[in-house]
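Okay, query_6.pdb is below, PDB, C-alpha atoms:
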ATOM      1  CA  MET A   1     -20.174  26.906 -28.744
ATOM      2  CA  ALA A   2     -19.986  23.449 -27.214
ATOM      3  CA  GLN A   3     -18.416  22.274 -23.959
ATOM      4  CA  ILE A   4     -16.274  19.150 -24.117
ATOM      5  CA  THR A   5     -13.802  17.528 -21.721
ATOM      6  CA  VAL A   6     -10.356  16.690 -23.032
ATOM      7  CA  ASN A   7      -8.039  14.659 -20.774
ATOM      8  CA  GLY A   8     -10.014  15.841 -17.772
ATOM      9  CA  ASN A   9     -10.004  19.540 -18.708
ATOM     10  CA  ASN A  10     -12.972  21.567 -19.924
ATOM     11  CA  GLN A  11     -12.665  22.970 -23.423
ATOM     12  CA  GLU A  12     -14.943  25.189 -25.469
ATOM     13  CA  VAL A  13     -15.130  24.332 -29.166
ATOM     14  CA  THR A  14     -17.151  25.409 -32.178
ATOM     15  CA  LEU A  15     -19.188  22.715 -33.897
ATOM     16  CA  PRO A  16     -19.176  21.028 -36.307
ATOM     17  CA  LEU A  17     -15.824  19.537 -35.486
ATOM     18  CA  THR A  18     -14.305  16.171 -36.401
ATOM     19  CA  LEU A  19     -11.919  14.236 -34.192
ATOM     20  CA  ASP A  20      -9.160  14.852 -36.741
ATOM     21  CA  GLN A  21      -9.777  18.594 -36.481
ATOM     22  CA  LEU A  22      -9.768  18.447 -32.664
ATOM     23  CA  ILE A  23      -6.404  16.650 -32.774
ATOM     24  CA  THR A  24      -5.021  19.441 -34.957
ATOM     25  CA  LEU A  25      -6.672  22.145 -32.835
ATOM     26  CA  ASN A  26      -5.121  20.738 -29.646
ATOM     27  CA  GLN A  27      -1.719  20.261 -31.281
ATOM     28  CA  VAL A  28      -1.576  16.637 -30.170
ATOM     29  CA  ALA A  29       2.011  15.434 -30.527
ATOM     30  CA  ASN A  30       2.556  12.513 -32.938
ATOM     31  CA  PRO A  31      -1.143  12.115 -33.832
ATOM     32  CA  GLU A  32      -0.362   8.934 -35.754
ATOM     33  CA  MET A  33       0.485   7.296 -32.423
ATOM     34  CA  VAL A  34      -2.219   8.570 -30.090
ATOM     35  CA  SER A  35      -5.102   6.354 -28.952
ATOM     36  CA  VAL A  36      -8.426   8.146 -28.574
ATOM     37  CA  GLN A  37     -11.435   7.367 -26.432
ATOM     38  CA  ILE A  38     -14.701   9.296 -26.731
ATOM     39  CA  ASN A  39     -17.148   8.654 -23.892
ATOM     40  CA  ASP A  40     -15.196   5.520 -22.899
ATOM     41  CA  ASN A  41     -15.198   4.030 -26.424
ATOM     42  CA  PHE A  42     -12.048   3.620 -28.465
ATOM     43  CA  ILE A  43     -12.198   5.199 -31.904
ATOM     44  CA  GLU A  44     -10.505   3.284 -34.714
ATOM     45  CA  ARG A  45      -7.808   5.357 -36.368
ATOM     46  CA  GLU A  46      -9.474   5.128 -39.805
ATOM     47  CA  LYS A  47     -12.543   6.835 -38.325
ATOM     48  CA  PHE A  48     -10.781   9.899 -36.874
ATOM     49  CA  GLY A  49     -11.767  11.956 -39.944
ATOM     50  CA  SER A  50     -15.411  10.920 -39.960
ATOM     51  CA  THR A  51     -16.031  11.051 -36.202
ATOM     52  CA  GLN A  52     -18.015  14.128 -35.165
ATOM     53  CA  ILE A  53     -17.522  15.746 -31.768
ATOM     54  CA  TYR A  54     -20.726  16.589 -29.865
ATOM     55  CA  ASP A  55     -21.529  18.875 -26.963
ATOM     56  CA  GLY A  56     -20.672  17.170 -23.668
ATOM     57  CA  ASP A  57     -18.268  14.603 -25.173
ATOM     58  CA  ILE A  58     -15.547  13.305 -22.888
ATOM     59  CA  ILE A  59     -12.389  12.749 -24.889
ATOM     60  CA  ASP A  60      -9.173  11.115 -23.770
ATOM     61  CA  PHE A  61      -5.938  11.128 -25.701
ATOM     62  CA  LEU A  62      -3.867   8.167 -24.506
ATOM     63  CA  TYR A  63      -0.143   8.056 -25.086
ATOM     64  CA  PHE A  64       2.374   5.251 -25.253
ATOM     65  CA  MET A  65       4.863   5.145 -22.418
ATOM     66  CA  GLY A  66       7.547   2.602 -23.051
ATOM     67  CA  GLY A  67      10.158   3.184 -20.366
ATOM     68  CA  GLY A  68      10.709   1.130 -17.263
ATOM     69  CA  ARG A  69      14.393   0.457 -16.814
TER      70      ARG A  69
ATOM     71  CA  MET B  70      -4.000 -24.792   8.791
ATOM     72  CA  PHE B  71      -1.621 -21.819   8.651
ATOM     73  CA  ASP B  72       2.010 -22.825   8.776
ATOM     74  CA  PHE B  73       3.636 -19.573   9.842
ATOM     75  CA  THR B  74       6.426 -19.595  12.397
ATOM     76  CA  GLU B  75       6.466 -17.055  15.196
ATOM     77  CA  GLU B  76       9.208 -15.211  13.340
ATOM     78  CA  GLU B  77       7.019 -14.965  10.247
ATOM     79  CA  LEU B  78       4.003 -13.815  12.270
ATOM     80  CA  ASN B  79       6.153 -11.008  13.661
ATOM     81  CA  ARG B  80       7.651 -10.208  10.291
ATOM     82  CA  TYR B  81       4.255  -9.880   8.623
ATOM     83  CA  SER B  82       2.396  -8.476  11.651
ATOM     84  CA  ARG B  83       1.560  -5.149   9.957
ATOM     85  CA  HIS B  84      -0.062  -7.055   7.108
ATOM     86  CA  ILE B  85      -1.842  -9.446   9.427
ATOM     87  CA  LEU B  86      -3.286  -6.511  11.369
ATOM     88  CA  LEU B  87      -5.037  -5.308   8.209
ATOM     89  CA  LYS B  88      -8.630  -6.519   8.123
ATOM     90  CA  ASP B  89      -8.369  -6.988   4.339
ATOM     91  CA  VAL B  90      -5.239  -9.150   4.634
ATOM     92  CA  GLY B  91      -5.029 -11.031   7.929
ATOM     93  CA  VAL B  92      -3.332 -14.415   8.320
ATOM     94  CA  GLU B  93      -5.463 -15.758   5.462
ATOM     95  CA  GLY B  94      -4.261 -13.031   3.088
ATOM     96  CA  GLN B  95      -0.670 -13.486   4.184
ATOM     97  CA  GLU B  96      -0.988 -17.205   3.434
ATOM     98  CA  LYS B  97      -2.171 -16.335  -0.090
ATOM     99  CA  ILE B  98       0.825 -14.031  -0.475
ATOM    100  CA  LYS B  99       3.093 -16.849   0.684
ATOM    101  CA  ASN B 100       1.624 -19.260  -1.869
ATOM    102  CA  ALA B 101       1.907 -16.748  -4.730
ATOM    103  CA  LYS B 102       4.349 -17.035  -7.628
ATOM    104  CA  VAL B 103       5.151 -13.762  -9.379
ATOM    105  CA  LEU B 104       7.369 -13.207 -12.414
ATOM    106  CA  VAL B 105       9.052  -9.802 -12.669
ATOM    107  CA  VAL B 106      10.243  -9.044 -16.211
ATOM    108  CA  GLY B 107      13.172  -6.644 -15.919
ATOM    109  CA  ALA B 108      15.167  -5.876 -12.758
ATOM    110  CA  GLY B 109      15.584  -2.196 -13.573
ATOM    111  CA  GLY B 110      13.769   1.009 -12.676
ATOM    112  CA  LEU B 111      10.349  -0.563 -12.142
ATOM    113  CA  GLY B 112      11.582  -4.041 -11.283
ATOM    114  CA  SER B 113      13.733  -2.742  -8.408
ATOM    115  CA  PRO B 114      10.913  -1.421  -6.204
ATOM    116  CA  VAL B 115       8.604  -4.237  -7.302
ATOM    117  CA  ILE B 116      11.094  -6.944  -6.268
ATOM    118  CA  LEU B 117      12.043  -5.178  -3.017
ATOM    119  CA  TYR B 118       8.427  -4.782  -1.886
ATOM    120  CA  LEU B 119       7.274  -8.204  -3.049
ATOM    121  CA  ALA B 120      10.181  -9.856  -1.231
ATOM    122  CA  ALA B 121       9.486  -7.844   1.911
ATOM    123  CA  ALA B 122       5.795  -8.735   1.671
ATOM    124  CA  GLY B 123       6.598 -12.435   1.621
ATOM    125  CA  ILE B 124       5.592 -13.443  -1.910
ATOM    126  CA  GLY B 125       6.510 -17.136  -1.861
ATOM    127  CA  THR B 126       8.221 -17.374  -5.232
ATOM    128  CA  ILE B 127       9.606 -14.448  -7.203
ATOM    129  CA  GLY B 128      10.944 -15.069 -10.696
ATOM    130  CA  ILE B 129      13.289 -12.434 -12.117
ATOM    131  CA  ILE B 130      14.171 -12.375 -15.801
ATOM    132  CA  ASP B 131      16.804  -9.933 -17.029
ATOM    133  CA  GLY B 132      19.762 -10.645 -19.289
ATOM    134  CA  ASP B 133      21.417  -7.305 -18.678
ATOM    135  CA  VAL B 134      24.260  -6.293 -16.368
ATOM    136  CA  VAL B 135      24.310  -3.288 -14.028
ATOM    137  CA  ASP B 136      25.647  -0.090 -15.588
ATOM    138  CA  ILE B 137      26.593   3.020 -13.645
ATOM    139  CA  SER B 138      23.864   4.981 -15.451
ATOM    140  CA  ASN B 139      21.261   2.593 -13.966
ATOM    141  CA  LEU B 140      21.988   3.506 -10.357
ATOM    142  CA  GLN B 141      20.103   6.839 -10.483
ATOM    143  CA  ARG B 142      16.823   4.878 -10.326
ATOM    144  CA  GLN B 143      17.416   1.111 -10.154
ATOM    145  CA  VAL B 144      17.593   1.104  -6.369
ATOM    146  CA  ILE B 145      17.980  -2.653  -5.873
ATOM    147  CA  HIS B 146      21.532  -2.426  -7.281
ATOM    148  CA  THR B 147      24.506  -0.746  -5.638
ATOM    149  CA  THR B 148      27.736   0.738  -6.933
ATOM    150  CA  ALA B 149      29.489  -2.520  -6.034
ATOM    151  CA  ASP B 150      27.122  -4.394  -8.378
ATOM    152  CA  ILE B 151      28.329  -2.660 -11.554
ATOM    153  CA  ASN B 152      28.912  -5.264 -14.301
ATOM    154  CA  ARG B 153      27.062  -7.970 -12.341
ATOM    155  CA  TYR B 154      23.958  -9.586 -13.826
ATOM    156  CA  LYS B 155      20.930  -7.611 -12.647
ATOM    157  CA  ALA B 156      19.064 -10.848 -11.987
ATOM    158  CA  GLU B 157      21.837 -12.055  -9.628
ATOM    159  CA  SER B 158      22.159  -8.704  -7.889
ATOM    160  CA  ALA B 159      18.384  -8.451  -7.399
ATOM    161  CA  LYS B 160      18.124 -12.038  -6.111
ATOM    162  CA  GLU B 161      20.794 -11.361  -3.507
ATOM    163  CA  LYS B 162      18.993  -8.255  -2.188
ATOM    164  CA  ALA B 163      15.582  -9.940  -2.157
ATOM    165  CA  GLU B 164      16.924 -12.881  -0.176
ATOM    166  CA  LYS B 165      18.653 -10.569   2.291
ATOM    167  CA  ILE B 166      15.386  -8.742   2.922
ATOM    168  CA  ASN B 167      13.428 -11.939   3.344
ATOM    169  CA  PRO B 168      15.028 -15.397   3.500
ATOM    170  CA  HIS B 169      11.568 -17.027   3.313
ATOM    171  CA  VAL B 170      11.219 -15.984  -0.318
ATOM    172  CA  LYS B 171      12.323 -18.337  -3.077
ATOM    173  CA  VAL B 172      13.916 -16.358  -5.901
ATOM    174  CA  VAL B 173      14.286 -17.962  -9.339
ATOM    175  CA  ILE B 174      16.407 -16.094 -11.868
ATOM    176  CA  TYR B 175      16.749 -16.184 -15.634
ATOM    177  CA  LYS B 176      19.834 -14.397 -17.013
ATOM    178  CA  ASP B 177      18.062 -13.946 -20.301
ATOM    179  CA  PHE B 178      15.516 -11.738 -22.050
ATOM    180  CA  LEU B 179      11.878 -12.599 -22.614
ATOM    181  CA  ARG B 180      11.376 -13.562 -26.264
ATOM    182  CA  ALA B 181       8.618 -15.042 -28.381
ATOM    183  CA  GLU B 182      10.391 -18.373 -28.219
ATOM    184  CA  ASN B 183      10.725 -18.641 -24.399
ATOM    185  CA  ALA B 184       7.870 -16.435 -23.078
ATOM    186  CA  LEU B 185       5.055 -18.961 -22.722
ATOM    187  CA  ASP B 186       7.357 -21.577 -21.223
ATOM    188  CA  ILE B 187       8.617 -19.177 -18.544
ATOM    189  CA  ILE B 188       5.274 -17.535 -17.776
ATOM    190  CA  LYS B 189       3.449 -20.839 -17.290
ATOM    191  CA  ASP B 190       5.038 -21.384 -13.865
ATOM    192  CA  TYR B 191       3.700 -18.106 -12.430
ATOM    193  CA  ASP B 192       0.369 -16.740 -11.201
ATOM    194  CA  PHE B 193       1.036 -13.099 -12.044
ATOM    195  CA  VAL B 194       3.477 -11.209 -14.277
ATOM    196  CA  VAL B 195       4.868  -7.712 -13.700
ATOM    197  CA  ASP B 196       6.081  -5.689 -16.676
ATOM    198  CA  GLY B 197       9.200  -3.801 -15.648
ATOM    199  CA  THR B 198      10.652  -3.549 -19.154
ATOM    200  CA  ASP B 199      11.828  -0.526 -21.076
ATOM    201  CA  ASN B 200      10.745  -1.232 -24.629
ATOM    202  CA  PHE B 201       7.619  -1.761 -26.676
ATOM    203  CA  PRO B 202       8.485  -5.143 -28.218
ATOM    204  CA  VAL B 203       8.638  -6.813 -24.806
ATOM    205  CA  LYS B 204       5.642  -4.867 -23.450
ATOM    206  CA  PHE B 205       3.569  -6.223 -26.337
ATOM    207  CA  LEU B 206       5.129  -9.655 -25.920
ATOM    208  CA  ILE B 207       4.182  -9.756 -22.214
ATOM    209  CA  ASN B 208       0.647  -8.690 -23.110
ATOM    210  CA  ASP B 209       0.235 -11.253 -25.859
ATOM    211  CA  ALA B 210       1.789 -14.109 -23.886
ATOM    212  CA  CYS B 211      -0.319 -13.343 -20.791
ATOM    213  CA  VAL B 212      -3.537 -13.037 -22.812
ATOM    214  CA  MET B 213      -2.757 -16.349 -24.552
ATOM    215  CA  ALA B 214      -1.888 -18.084 -21.288
ATOM    216  CA  GLY B 215      -4.786 -16.501 -19.378
ATOM    217  CA  LYS B 216      -2.440 -14.879 -16.840
ATOM    218  CA  PRO B 217      -2.978 -11.556 -15.087
ATOM    219  CA  PHE B 218      -0.268  -8.922 -15.353
ATOM    220  CA  SER B 219       0.587  -5.373 -14.350
ATOM    221  CA  HIS B 220       1.663  -3.049 -17.141
ATOM    222  CA  GLY B 221       4.042  -0.230 -16.301
ATOM    223  CA  GLY B 222       5.530   2.582 -18.361
ATOM    224  CA  ILE B 223       7.532   5.623 -17.335
ATOM    225  CA  LEU B 224       9.026   8.504 -19.242
ATOM    226  CA  ARG B 225      10.515  11.799 -18.176
ATOM    227  CA  PHE B 226       8.084  12.947 -15.447
ATOM    228  CA  ASP B 227       5.208  10.654 -16.394
ATOM    229  CA  GLY B 228       4.040   7.188 -15.525
ATOM    230  CA  GLN B 229       1.194   4.911 -16.547
ATOM    231  CA  THR B 230      -0.042   1.545 -15.360
ATOM    232  CA  PHE B 231      -2.975  -0.800 -15.577
ATOM    233  CA  THR B 232      -3.703  -4.301 -14.384
ATOM    234  CA  HIS B 233      -4.927  -6.977 -16.748
ATOM    235  CA  LYS B 234      -7.043  -9.926 -15.790
ATOM    236  CA  PRO B 235      -8.520 -12.325 -18.364
ATOM    237  CA  GLY B 236     -11.673 -10.719 -19.773
ATOM    238  CA  CYS B 237     -10.561  -7.175 -18.967
ATOM    239  CA  ALA B 238      -8.902  -4.648 -21.272
ATOM    240  CA  CYS B 239      -5.422  -5.622 -22.482
ATOM    241  CA  TYR B 240      -2.551  -3.470 -23.779
ATOM    242  CA  ARG B 241      -3.659  -3.950 -27.379
ATOM    243  CA  CYS B 242      -7.212  -2.843 -26.532
ATOM    244  CA  ILE B 243      -5.659   0.521 -25.637
ATOM    245  CA  PHE B 244      -2.664   0.608 -27.981
ATOM    246  CA  ASN B 245      -3.254  -1.546 -31.007
ATOM    247  CA  ALA B 246       0.367  -2.194 -32.012
ATOM    248  CA  PRO B 247       3.878  -0.926 -31.226
ATOM    249  CA  PRO B 248       4.680   2.529 -32.581
ATOM    250  CA  PRO B 249       6.828   2.650 -35.732
ATOM    251  CA  LYS B 250      10.419   2.339 -34.548
ATOM    252  CA  ASP B 251      11.690   5.319 -36.519
ATOM    253  CA  LEU B 252       9.030   7.642 -35.143
ATOM    254  CA  VAL B 253      10.244   8.121 -31.614
ATOM    255  CA  PRO B 254      13.419   9.056 -29.763
ATOM    256  CA  THR B 255      14.993   6.336 -27.624
ATOM    257  CA  CYS B 256      14.513   6.013 -23.874
ATOM    258  CA  SER B 257      18.101   6.901 -23.192
ATOM    259  CA  GLN B 258      17.616  10.121 -25.182
ATOM    260  CA  ALA B 259      14.367  10.977 -23.416
ATOM    261  CA  GLY B 260      15.477  10.587 -19.797
ATOM    262  CA  VAL B 261      13.436   9.852 -16.691
ATOM    263  CA  LEU B 262      13.259  11.301 -13.182
ATOM    264  CA  GLY B 263      14.578   8.488 -10.983
ATOM    265  CA  ALA B 264      11.871   8.672  -8.334
ATOM    266  CA  ILE B 265       9.165   8.160 -10.988
ATOM    267  CA  ALA B 266      10.325   4.551 -11.227
ATOM    268  CA  GLY B 267       9.721   4.159  -7.500
ATOM    269  CA  MET B 268       6.309   5.819  -7.692
ATOM    270  CA  LEU B 269       5.110   3.555 -10.475
ATOM    271  CA  GLY B 270       6.857   0.386  -9.298
ATOM    272  CA  THR B 271       5.320   0.607  -5.829
ATOM    273  CA  ILE B 272       1.867   1.015  -7.414
ATOM    274  CA  GLN B 273       2.534  -2.182  -9.383
ATOM    275  CA  ALA B 274       3.688  -3.984  -6.216
ATOM    276  CA  ALA B 275       0.529  -2.857  -4.415
ATOM    277  CA  GLU B 276      -1.585  -4.201  -7.280
ATOM    278  CA  VAL B 277       0.127  -7.602  -6.962
ATOM    279  CA  LEU B 278      -0.608  -7.749  -3.236
ATOM    280  CA  LYS B 279      -4.210  -6.615  -3.815
ATOM    281  CA  TYR B 280      -4.624  -9.278  -6.490
ATOM    282  CA  PHE B 281      -3.570 -12.111  -4.212
ATOM    283  CA  THR B 282      -5.372 -10.910  -1.074
ATOM    284  CA  GLY B 283      -8.491  -9.736  -2.898
ATOM    285  CA  ALA B 284      -8.302  -6.400  -1.080
ATOM    286  CA  GLY B 285      -9.913  -3.397  -2.753
ATOM    287  CA  GLU B 286     -10.326  -2.832  -6.470
ATOM    288  CA  LEU B 287      -7.625  -3.503  -9.032
ATOM    289  CA  LEU B 288      -6.673  -1.170 -11.861
ATOM    290  CA  THR B 289      -8.481  -3.446 -14.280
ATOM    291  CA  ASP B 290     -10.274  -1.617 -17.103
ATOM    292  CA  LYS B 291      -8.552   1.526 -15.822
ATOM    293  CA  LEU B 292      -5.433   3.254 -17.071
ATOM    294  CA  LEU B 293      -3.771   5.201 -14.265
ATOM    295  CA  THR B 294      -1.515   7.994 -15.453
ATOM    296  CA  PHE B 295       0.380  10.571 -13.474
ATOM    297  CA  ASN B 296       2.623  13.525 -14.062
ATOM    298  CA  ALA B 297       5.125  14.256 -11.317
ATOM    299  CA  LYS B 298       5.538  17.907 -12.285
ATOM    300  CA  THR B 299       1.951  18.687 -11.341
ATOM    301  CA  MET B 300       1.342  15.543  -9.268
ATOM    302  CA  ASP B 301      -1.873  15.110 -11.190
ATOM    303  CA  PHE B 302      -3.106  11.511 -11.112
ATOM    304  CA  ARG B 303      -5.824  10.431 -13.551
ATOM    305  CA  LYS B 304      -7.710   7.176 -13.796
ATOM    306  CA  ILE B 305      -9.190   6.675 -17.258
ATOM    307  CA  ASN B 306     -11.840   4.015 -17.823
ATOM    308  CA  VAL B 307     -10.859   1.648 -20.617
ATOM    309  CA  HIS B 308     -12.753  -1.330 -21.941
ATOM    310  CA  ARG B 309     -11.999  -4.541 -23.718
ATOM    311  CA  ARG B 310     -12.247  -3.729 -27.413
ATOM    312  CA  ASP B 311     -14.184  -6.160 -29.552
ATOM    313  CA  THR B 312     -11.836  -5.434 -32.467
ATOM    314  CA  CYS B 313      -8.701  -6.020 -30.337
ATOM    315  CA  PRO B 314      -6.272  -8.108 -32.436
ATOM    316  CA  ILE B 315      -5.545 -10.492 -29.564
ATOM    317  CA  CYS B 316      -8.449 -10.538 -27.096
ATOM    318  CA  GLY B 317     -11.296  -9.402 -29.392
ATOM    319  CA  SER B 318     -13.933 -11.588 -31.064
ATOM    320  CA  ASN B 319     -11.810 -12.362 -34.114
ATOM    321  CA  PRO B 320      -8.181 -12.325 -32.994
ATOM    322  CA  THR B 321      -5.682 -11.922 -35.818
ATOM    323  CA  ILE B 322      -2.660 -12.586 -33.588
ATOM    324  CA  THR B 323      -2.364 -16.271 -32.890
ATOM    325  CA  GLU B 324       1.327 -16.569 -32.157
ATOM    326  CA  LEU B 325       3.908 -14.497 -30.304
ATOM    327  CA  ILE B 326       5.848 -11.862 -32.197
ATOM    328  CA  ASP B 327       9.393 -10.547 -31.705
ATOM    329  CA  TYR B 328       9.002  -6.960 -32.864
ATOM    330  CA  GLU B 329      12.045  -4.998 -33.845
ATOM    331  CA  GLN B 330      13.233  -2.694 -31.110
ATOM    332  CA  ALA B 331      10.946   0.327 -31.011
ATOM    333  CA  ALA B 332      11.661   3.215 -28.712
ATOM    334  CA  CYS B 333       9.738   4.317 -25.674
ATOM    335  CA  ASP B 334       8.426   7.760 -26.362
ATOM    336  CA  LEU B 335       5.675   9.594 -28.034
ATOM    337  CA  THR B 336       5.100  13.079 -26.802
ATOM    338  CA  ASN B 337       7.681  15.803 -26.577
ATOM    339  CA  ARG B 338       6.619  17.450 -23.379
TER     340      ARG B 338
END
Hey, can you dump this file as structure tokens for me?
Amino acid sequence: MAQITVNGNNQEVTLPLTLDQLITLNQVANPEMVSVQINDNFIEREKFGSTQIYDGDIIDFLYFMGGGR
Amino acid sequence: MFDFTEEELNRYSRHILLKDVGVEGQEKIKNAKVLVVGAGGLGSPVILYLAAAGIGTIGIIDGDVVDISNLQRQVIHTTADINRYKAESAKEKAEKINPHVKVVIYKDFLRAENALDIIKDYDFVVDGTDNFPVKFLINDACVMAGKPFSHGGILRFDGQTFTHKPGCACYRCIFNAPPPKDLVPTCSQAGVLGAIAGMLGTIQAAEVLKYFTGAGELLTDKLLTFNAKTMDFRKINVHRRDTCPICGSNPTITELIDYEQAACDLTNR
């Protein structure tokens, strides 16, 4: 088991795990629109499938918010 | 050296008392020119607080008129303002709060064709818009013109904001491009808790005043998000992305784009 932090919350996951799999595991809404940072670095969308998650990773899913009026 | 009247010294006394502002800071506020894009949910509190604070010149661009469904959150407008141009209604309120403020209005929308020309007269831009095309347009125009801006977005019970200064992360560093327009429900379908607009708009107004006075640390390279249901606030570190299409090493965007209207949502919380 590995300990990671997702959007500020601790999460226990089994490795190996790709970013794509984590997105599925966490049921991220509209995954084709989410921006992802791992340890403060943005991950290009094309690399979601090849990016491995490691113990201690800090992951942020960032969402569009378009309102204002 | 400071040309404040006694009336102004009294008016701004609570600012002047602040060690981080003082008469010097208030003078910087007085000399500042701020453009507010959108006189709606976010623009209302931004304009009210910036006028009260004594920002010397406030530009307001909004081509829309006040609708009854706006009044739940767009607190600068009143029931009597229904069908009036938002820019005119907002100007009137700002001038009533503070007659020292010069308010310039544009009864128009920001577009690729007018953005750079309008923005060039201002020192700081505040995004108070409700759609992705203009949010990306503000970002691109400000990056191109080297202007700082405050990004704001609200939806349902959530808000997010960051402040951009040249060299720091921009909107495209975080969100590469607008979401596909058929992928998301519209803002009017999604809804928003009225007070969220006030929460986020006052944060944006505070960032403007911090920018001009130099007080504290701006939300540059930080995305602040909050959820009003839990009242959880999070500050996420973000960085300028070398592959960013507008501010990266090899920018692919070299002129402004009018995207088709894309909606404002992404999660279904």
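One finds CA of Asp60 in chain A at 18.3 Å from CA of Ala246 in chain B.
Selecting chain A residues within 8 Å of chain B and counting all atoms listed in the file yields A:Ala29, A:Asn30, A:Met33, A:Ser35, A:Asp40, A:Asn41, A:Phe42, A:Asp60, A:Leu62, A:Tyr63, A:Phe64, A:Met65, A:Gly66, A:Gly67, A:Gly68, A:Arg69.
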Check which residues satisfy the PyMOL selection byres ((chain A and resi 61) around 10) in the file shown, then give them as a list in words.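 Taken on the displayed file, the PyMOL selection byres ((chain A and resi 61) around 10) yields the residues Val6, Asn7, Ile23, Val28, Pro31, Val34, Ser35, Val36, Gln37, Ile38, Ile59, Asp60, Leu62 and Tyr63 of chain A.
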Since I can't run it myself right now, could you work out what the PyMOL selection byres ((chain A and resi 56) around 7) selects here and report it as a short mmCIF file (atom, residue, chain, number, x, y, z; two decimals) with C-alpha atoms, in the coordinates of the input?
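Saved the output as expr-v9.cif:
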data_model
loop_
_atom_site.label_atom_id
_atom_site.label_comp_id
_atom_site.auth_asym_id
_atom_site.auth_seq_id
_atom_site.Cartn_x
_atom_site.Cartn_y
_atom_site.Cartn_z
CA GLN A 3 -18.42 22.27 -23.96
CA ILE A 4 -16.27 19.15 -24.12
CA TYR A 54 -20.73 16.59 -29.86
CA ASP A 55 -21.53 18.88 -26.96
CA ASP A 57 -18.27 14.60 -25.17
CA ILE A 58 -15.55 13.30 -22.89
#
When the PyMOL selection byres ((chain B and resi 210-217) around 6) is applied to the file above, which residues end up in the set, as a short mmCIF file (atom, residue, chain, number, x, y, z; two decimals) with C-alpha atoms, keeping the file's coordinate frame?
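Writing done, so here's expr.cif:
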data_model
loop_
_atom_site.label_atom_id
_atom_site.label_comp_id
_atom_site.auth_asym_id
_atom_site.auth_seq_id
_atom_site.Cartn_x
_atom_site.Cartn_y
_atom_site.Cartn_z
CA LEU B 185 5.06 -18.96 -22.72
CA PHE B 193 1.04 -13.10 -12.04
CA LEU B 206 5.13 -9.65 -25.92
CA ILE B 207 4.18 -9.76 -22.21
CA ASN B 208 0.65 -8.69 -23.11
CA ASP B 209 0.24 -11.25 -25.86
CA PHE B 218 -0.27 -8.92 -15.35
CA HIS B 233 -4.93 -6.98 -16.75
CA LYS B 234 -7.04 -9.93 -15.79
CA PRO B 235 -8.52 -12.32 -18.36
#
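Atom pair CA of Lys171 in chain B / CA of Gln273 in chain B has a distance of 19.9 Å (rounded to one decimal).
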Work out how far CA of Asn79 in chain B is from CA of Leu119 in chain B, in Å to one decimal.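 Spanning CA of Leu119 in chain B to CA of Asn79 in chain B is a straight-line distance of 17.0 Å.
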Looking at only C-alpha atoms, which of B:Val195, B:Val170, B:Val135, B:Ala101 is the one that sits closest to Thr271 in chain B?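 Closest to Thr271 in chain B of all the choices is B:Val195.
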I'd like the neighbourhood of Phe231 in chain B as a ChimeraX atom specification, where a residue qualifies if any of its atoms comes within 7 Å (using all atoms listed in the file), though same-chain residues fewer than 6 positions away should be ignored. /B:219-220,288-289,291-293
List as a PyMOL selection string the residues having at least one atom at most 10 Å from position (-14.4, 26.2, -31.8) as given in the file, counting only C-alpha atoms. chain A and resi 1-3+11-17+22+25
Would you mind telling me which residue in B:Ile127, B:Asn167, B:Gln141, B:Val103 lies nearest to Glu77 in chain B when using only C-alpha atoms?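 Of B:Ile127, B:Asn167, B:Gln141, B:Val103, the one nearest Glu77 in chain B is B:Asn167, counting only C-alpha atoms.
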Would you mind telling me which residue in A:Thr18, A:Asn10, A:Thr5, A:Asn26 lies nearest to Ile53 in chain A when using all atoms listed in the file? A:Thr18
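Proximity of B:Gly132, B:Ser138, B:Gln95, B:Gly125 to Arg80 in chain B, computed with all atoms listed in the file, is greatest for B:Gln95.
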Can you list, as a list in words, every protein, DNA or RNA residue that comes within 9 Å of Tyr81 in chain B when you count all atoms listed in the file, leaving out same-chain residues fewer than 2 positions away?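 Here the qualifying residues turn out to be Glu76, Glu77, Leu78, Asn79, Arg83, His84, Ile85, Leu86, Val92, Gln95, Ala121, Ala122 and Gly123 of chain B.
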If you count all atoms listed in the file, the residue of B:Ile145, B:Ile98, B:Ala120, B:Cys239 closest to Asp290 in chain B turns out to be B:Cys239
Using the partial input, fill out range 72-77 of chain B with N, CA and C atoms; write the result as a PDB file, keeping the file's coordinate frame.
ATOM      1  N   ASP B  72       0.723 -22.314   8.310  1.00  0.00           N
ATOM      2  CA  ASP B  72       2.010 -22.825   8.776  1.00  0.00           C
ATOM      3  C   ASP B  72       3.052 -21.719   8.903  1.00  0.00           C
ATOM      4  N   PHE B  73       2.681 -20.644   9.597  1.00  0.00           N
ATOM      5  CA  PHE B  73       3.636 -19.573   9.842  1.00  0.00           C
ATOM      6  C   PHE B  73       4.363 -19.798  11.152  1.00  0.00           C
ATOM      7  N   THR B  74       5.663 -19.552  11.150  1.00  0.00           N
ATOM      8  CA  THR B  74       6.426 -19.595  12.397  1.00  0.00           C
ATOM      9  C   THR B  74       6.184 -18.300  13.158  1.00  0.00           C
ATOM     10  N   GLU B  75       6.626 -18.273  14.408  1.00  0.00           N
ATOM     11  CA  GLU B  75       6.466 -17.055  15.196  1.00  0.00           C
ATOM     12  C   GLU B  75       7.247 -15.899  14.555  1.00  0.00           C
ATOM     13  N   GLU B  76       8.402 -16.243  14.013  1.00  0.00           N
ATOM     14  CA  GLU B  76       9.208 -15.211  13.340  1.00  0.00           C
ATOM     15  C   GLU B  76       8.445 -14.615  12.162  1.00  0.00           C
ATOM     16  N   GLU B  77       7.788 -15.466  11.391  1.00  0.00           N
ATOM     17  CA  GLU B  77       7.019 -14.965  10.247  1.00  0.00           C
ATOM     18  C   GLU B  77       5.814 -14.141  10.704  1.00  0.00           C
TER      19      GLU B  77
END
